[in-house]
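Below is one structure, written out as C-alpha coordinates; comments come after it.
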Amino acid sequence: MHYLLELYSPKPAWLALDGAARQAYFDTVGAGMAALSGSGAEALAMGAIDGGKLHAAAQQFYAVWRFPDEAALDALLAGIAATGWHDYFETINAAGPAVDFPTHLAQLAAWRPTFSLPLG
(Lines give C-alpha, C1' and ligand atoms only; values in the text may rest on other atoms or scores of the structure.)
Protein backbone atom coordinates (compact mmCIF):
# COMPACT_ATOMS: atom_id res chain seq x y z
CA MET A 1 0.00 0.00 0.00
CA HIS A 2 1.05 3.56 -0.70
CA TYR A 3 -0.17 6.66 1.11
CA LEU A 4 -0.35 10.36 0.33
CA LEU A 5 -0.73 13.15 2.86
CA GLU A 6 -1.56 16.50 1.29
CA LEU A 7 -1.26 19.73 3.26
CA TYR A 8 -2.64 22.79 1.52
CA SER A 9 -3.68 26.42 1.93
CA PRO A 10 -5.62 28.74 -0.37
CA LYS A 11 -3.61 31.10 -2.56
CA PRO A 12 -4.73 34.66 -3.37
CA ALA A 13 -6.14 33.38 -6.70
CA TRP A 14 -8.60 31.19 -4.74
CA LEU A 15 -9.54 33.99 -2.39
CA ALA A 16 -10.32 36.21 -5.39
CA LEU A 17 -12.95 33.79 -6.75
CA ASP A 18 -16.60 34.34 -5.91
CA GLY A 19 -18.86 31.50 -4.78
CA ALA A 20 -20.08 30.64 -8.28
CA ALA A 21 -16.54 30.42 -9.66
CA ARG A 22 -15.46 28.23 -6.76
CA GLN A 23 -18.41 25.88 -7.36
CA ALA A 24 -17.64 25.72 -11.09
CA TYR A 25 -14.06 24.79 -10.26
CA PHE A 26 -15.19 22.09 -7.81
CA ASP A 27 -17.43 20.66 -10.54
CA THR A 28 -14.28 20.28 -12.66
CA VAL A 29 -12.44 18.62 -9.77
CA GLY A 30 -15.36 16.24 -9.23
CA ALA A 31 -15.32 15.20 -12.89
CA GLY A 32 -11.59 14.56 -12.67
CA MET A 33 -12.02 12.45 -9.54
CA ALA A 34 -14.74 10.40 -11.21
CA ALA A 35 -12.29 9.58 -14.00
CA LEU A 36 -9.87 8.17 -11.39
CA SER A 37 -12.51 6.11 -9.57
CA GLY A 38 -11.24 2.82 -11.01
CA SER A 39 -7.61 3.41 -9.97
CA GLY A 40 -8.09 2.19 -6.42
CA ALA A 41 -7.39 5.59 -4.85
CA GLU A 42 -9.23 5.85 -1.54
CA ALA A 43 -9.74 9.08 0.40
CA LEU A 44 -9.30 8.15 4.06
CA ALA A 45 -9.75 11.57 5.66
CA MET A 46 -9.93 15.24 4.73
CA GLY A 47 -10.52 18.36 6.72
CA ALA A 48 -9.30 21.54 8.33
CA ILE A 49 -6.07 21.40 10.32
CA ASP A 50 -6.38 22.09 14.04
CA GLY A 51 -3.71 24.74 14.46
CA GLY A 52 -3.93 24.46 18.24
CA LYS A 53 -2.18 21.09 18.38
CA LEU A 54 1.48 20.71 19.36
CA HIS A 55 3.74 21.21 16.29
CA ALA A 56 0.74 21.94 14.05
CA ALA A 57 1.31 22.37 10.32
CA ALA A 58 1.14 25.91 8.97
CA GLN A 59 -1.30 24.86 6.22
CA GLN A 60 -5.05 25.15 6.72
CA PHE A 61 -6.27 21.83 5.23
CA TYR A 62 -5.24 18.19 4.82
CA ALA A 63 -6.18 15.06 2.90
CA VAL A 64 -5.04 11.48 3.51
CA TRP A 65 -5.22 8.95 0.65
CA ARG A 66 -4.49 5.23 0.30
CA PHE A 67 -3.49 3.51 -2.95
CA PRO A 68 -2.96 -0.10 -4.00
CA ASP A 69 0.31 0.83 -5.73
CA GLU A 70 2.57 3.69 -6.77
CA ALA A 71 0.96 3.93 -10.23
CA ALA A 72 -2.41 4.80 -8.65
CA LEU A 73 -0.74 7.40 -6.42
CA ASP A 74 1.02 8.96 -9.42
CA ALA A 75 -2.27 8.98 -11.37
CA LEU A 76 -3.97 10.94 -8.58
CA LEU A 77 -1.11 13.44 -8.35
CA ALA A 78 -1.25 13.96 -12.13
CA GLY A 79 -5.04 14.29 -12.02
CA ILE A 80 -4.87 16.88 -9.24
CA ALA A 81 -2.30 18.91 -11.18
CA ALA A 82 -4.38 18.66 -14.37
CA THR A 83 -7.35 20.34 -12.65
CA GLY A 84 -5.29 23.46 -11.96
CA TRP A 85 -5.36 22.79 -8.21
CA HIS A 86 -1.90 24.24 -7.72
CA ASP A 87 -3.04 27.54 -9.23
CA TYR A 88 -5.41 27.91 -6.29
CA PHE A 89 -3.77 26.02 -3.41
CA GLU A 90 -0.21 25.95 -2.09
CA THR A 91 0.36 22.23 -1.54
CA ILE A 92 2.90 20.03 0.20
CA ASN A 93 2.75 16.31 -0.56
CA ALA A 94 4.19 13.51 1.55
CA ALA A 95 3.92 10.14 -0.18
CA GLY A 96 5.39 6.67 -0.05
CA PRO A 97 4.86 3.01 0.62
CA ALA A 98 3.64 1.94 4.04
CA VAL A 99 5.86 -0.05 6.39
CA ASP A 100 5.30 -1.36 9.90
CA PHE A 101 6.63 0.40 13.01
CA PRO A 102 9.84 -1.67 13.46
CA THR A 103 10.71 -1.20 9.78
CA HIS A 104 10.15 2.53 10.08
CA LEU A 105 12.41 2.72 13.11
CA ALA A 106 15.07 0.87 11.09
CA GLN A 107 14.59 3.44 8.27
CA LEU A 108 15.16 6.26 10.75
CA ALA A 109 18.21 4.57 12.27
CA ALA A 110 19.80 3.94 8.87
CA TRP A 111 19.07 7.35 7.33
CA ARG A 112 22.01 9.38 6.10
CA PRO A 113 21.87 12.63 4.12
CA THR A 114 22.38 12.37 0.37
CA PHE A 115 24.62 15.44 0.34
CA SER A 116 27.88 16.39 2.07
CA LEU A 117 28.11 19.18 4.55
CA PRO A 118 31.17 21.44 4.25
CA LEU A 119 33.74 20.69 6.90
CA GLY A 120 34.93 23.45 9.22
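As shown in the C-alpha coordinates, the chain order sets the letters A, B, ...; within each chain, residues go from 1, and ligands are also counted from 1 in the order they appear.
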> In stretch 16-104 of chain A, what's strand (DSSP E) per DSSP? Answer as a PyMOL selection string?
Replying inline: chain A and resi 42-48+61-67+89-97
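Nearest residue to A:His2, choosing from A:Asp18, A:Asp87, A:Glu70, A:Asp50 and counting only C-alpha atoms: A:Glu70.
When the distance limit is 6 Å and only C-alpha atoms are what count, the residues near A:Ala63, minus those fewer than 6 positions from it on the same chain, are Leu5, Glu6, Ala45 and Met46 of chain A.
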> Near A:Tyr25, counting only C-alpha atoms, which residues have an atom at most 12 Å away, once you skip same-chain residues fewer than 4 positions from it, shown as a PyMOL selection string?
Replying inline: chain A and resi 14+17-21+29-32+83-85+87-88
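Distances from A:Leu36, A:Ala75, A:Leu7, A:Ala109 to A:Ala94 were compared using only C-alpha atoms, and the smallest one belongs to A:Leu7.
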> Hey, what's within 6 Å of stretch 95-104 of chain A if we count only C-alpha atoms and toss same-chain stuff fewer than 3 positions away? As an MDAnalysis selection string, please?
Replying inline: chainID A and resid 1:4 107
Restricting it to all heavy atoms, dump the selection as a PDB file, in the first residue's frame.
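As a result, part.pdb now contains:
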```
ATOM      1  N   MET A   1       0.837  -1.186   0.000  1.00  0.00           N
ATOM      2  CA  MET A   1       0.000   0.000   0.000  1.00  0.00           C
ATOM      3  C   MET A   1       0.880   1.247   0.000  1.00  0.00           C
ATOM      4  O   MET A   1       1.934   1.278   0.607  1.00  0.00           O
ATOM      5  CB  MET A   1      -0.886   0.048   1.236  1.00  0.00           C
ATOM      6  CG  MET A   1      -2.004  -0.935   1.235  1.00  0.00           C
ATOM      7  SD  MET A   1      -3.148  -0.513  -0.067  1.00  0.00           S
ATOM      8  CE  MET A   1      -4.501  -1.477   0.388  1.00  0.00           C
ATOM      9  N   HIS A   2       0.393   2.257  -0.678  1.00  0.00           N
ATOM     10  CA  HIS A   2       1.046   3.562  -0.703  1.00  0.00           C
ATOM     11  C   HIS A   2       0.073   4.587  -0.109  1.00  0.00           C
ATOM     12  O   HIS A   2      -1.144   4.425  -0.212  1.00  0.00           O
ATOM     13  CB  HIS A   2       1.397   3.962  -2.135  1.00  0.00           C
ATOM     14  CG  HIS A   2       2.594   3.255  -2.658  1.00  0.00           C
ATOM     15  ND1 HIS A   2       2.630   1.914  -2.922  1.00  0.00           N
ATOM     16  CD2 HIS A   2       3.824   3.724  -2.957  1.00  0.00           C
ATOM     17  CE1 HIS A   2       3.822   1.585  -3.375  1.00  0.00           C
ATOM     18  NE2 HIS A   2       4.562   2.662  -3.402  1.00  0.00           N
ATOM     19  N   TYR A   3       0.638   5.611   0.482  1.00  0.00           N
ATOM     20  CA  TYR A   3      -0.168   6.660   1.106  1.00  0.00           C
ATOM     21  C   TYR A   3       0.300   8.030   0.624  1.00  0.00           C
ATOM     22  O   TYR A   3       1.467   8.212   0.286  1.00  0.00           O
ATOM     23  CB  TYR A   3      -0.064   6.587   2.634  1.00  0.00           C
ATOM     24  CG  TYR A   3      -0.775   5.386   3.189  1.00  0.00           C
ATOM     25  CD1 TYR A   3      -0.137   4.155   3.258  1.00  0.00           C
ATOM     26  CD2 TYR A   3      -2.088   5.471   3.623  1.00  0.00           C
ATOM     27  CE1 TYR A   3      -0.795   3.034   3.746  1.00  0.00           C
ATOM     28  CE2 TYR A   3      -2.750   4.361   4.111  1.00  0.00           C
ATOM     29  CZ  TYR A   3      -2.104   3.150   4.169  1.00  0.00           C
ATOM     30  OH  TYR A   3      -2.760   2.049   4.647  1.00  0.00           O
ATOM     31  N   LEU A   4      -0.632   8.967   0.645  1.00  0.00           N
ATOM     32  CA  LEU A   4      -0.346  10.361   0.326  1.00  0.00           C
ATOM     33  C   LEU A   4      -0.992  11.226   1.391  1.00  0.00           C
ATOM     34  O   LEU A   4      -2.177  11.062   1.701  1.00  0.00           O
ATOM     35  CB  LEU A   4      -0.920  10.733  -1.052  1.00  0.00           C
ATOM     36  CG  LEU A   4      -0.952  12.225  -1.408  1.00  0.00           C
ATOM     37  CD1 LEU A   4       0.459  12.784  -1.538  1.00  0.00           C
ATOM     38  CD2 LEU A   4      -1.738  12.438  -2.694  1.00  0.00           C
ATOM     39  N   GLN A 107      14.363   2.394   9.282  1.00  0.00           N
ATOM     40  CA  GLN A 107      14.593   3.436   8.269  1.00  0.00           C
ATOM     41  C   GLN A 107      15.203   4.678   8.921  1.00  0.00           C
ATOM     42  O   GLN A 107      16.150   5.268   8.384  1.00  0.00           O
ATOM     43  CB  GLN A 107      13.277   3.827   7.578  1.00  0.00           C
ATOM     44  CG  GLN A 107      12.717   2.792   6.653  1.00  0.00           C
ATOM     45  CD  GLN A 107      11.321   3.179   6.158  1.00  0.00           C
ATOM     46  OE1 GLN A 107      10.538   3.829   6.858  1.00  0.00           O
ATOM     47  NE2 GLN A 107      11.003   2.761   4.929  1.00  0.00           N
TER      48      GLN A 107
END
```
>> Taking only chain A into account, list the residues labelled helix (DSSP H, G or I) by DSSP (computed from the backbone), as a VMD selection string.
In response: chain A and resid 12 to 15 19 to 35 37 to 39 70 to 82 85 to 88 101 to 110
>> Using Å and a single decimal, report how far atom CA of A:Ala106 sits from atom CA of A:Asp69.
In response: 22.4 Å
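Comparing A:Ile80, A:Ile49, A:Ala34, A:Leu44 by their smallest distance to A:Val64, the closest is A:Leu44 (using only C-alpha atoms).
Atom pair atom CA of A:Thr91 / atom CA of A:Leu54 has a distance of 21.0 Å (rounded to one decimal).
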>> Which residues are near A:Ser39? Cut-off 10 Å, only C-alpha atoms, ignore same chain within fewer than 2 positions. Put them as number ranges by chain.
In response: A: 35-37, 41-42, 67-69, 71-73, 75-76
> If you count only C-alpha atoms, which residues fall within 8 Å of A:Ala48, apart from same-chain ones fewer than 6 positions away, as a PyMOL selection string?
Replying inline: chain A and resi 60-62
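If only C-alpha atoms are the atoms counted, then among A:Asp74, A:Ala82, A:Gln59, A:Lys11 the closest residue to A:Gly47 is A:Gln59.
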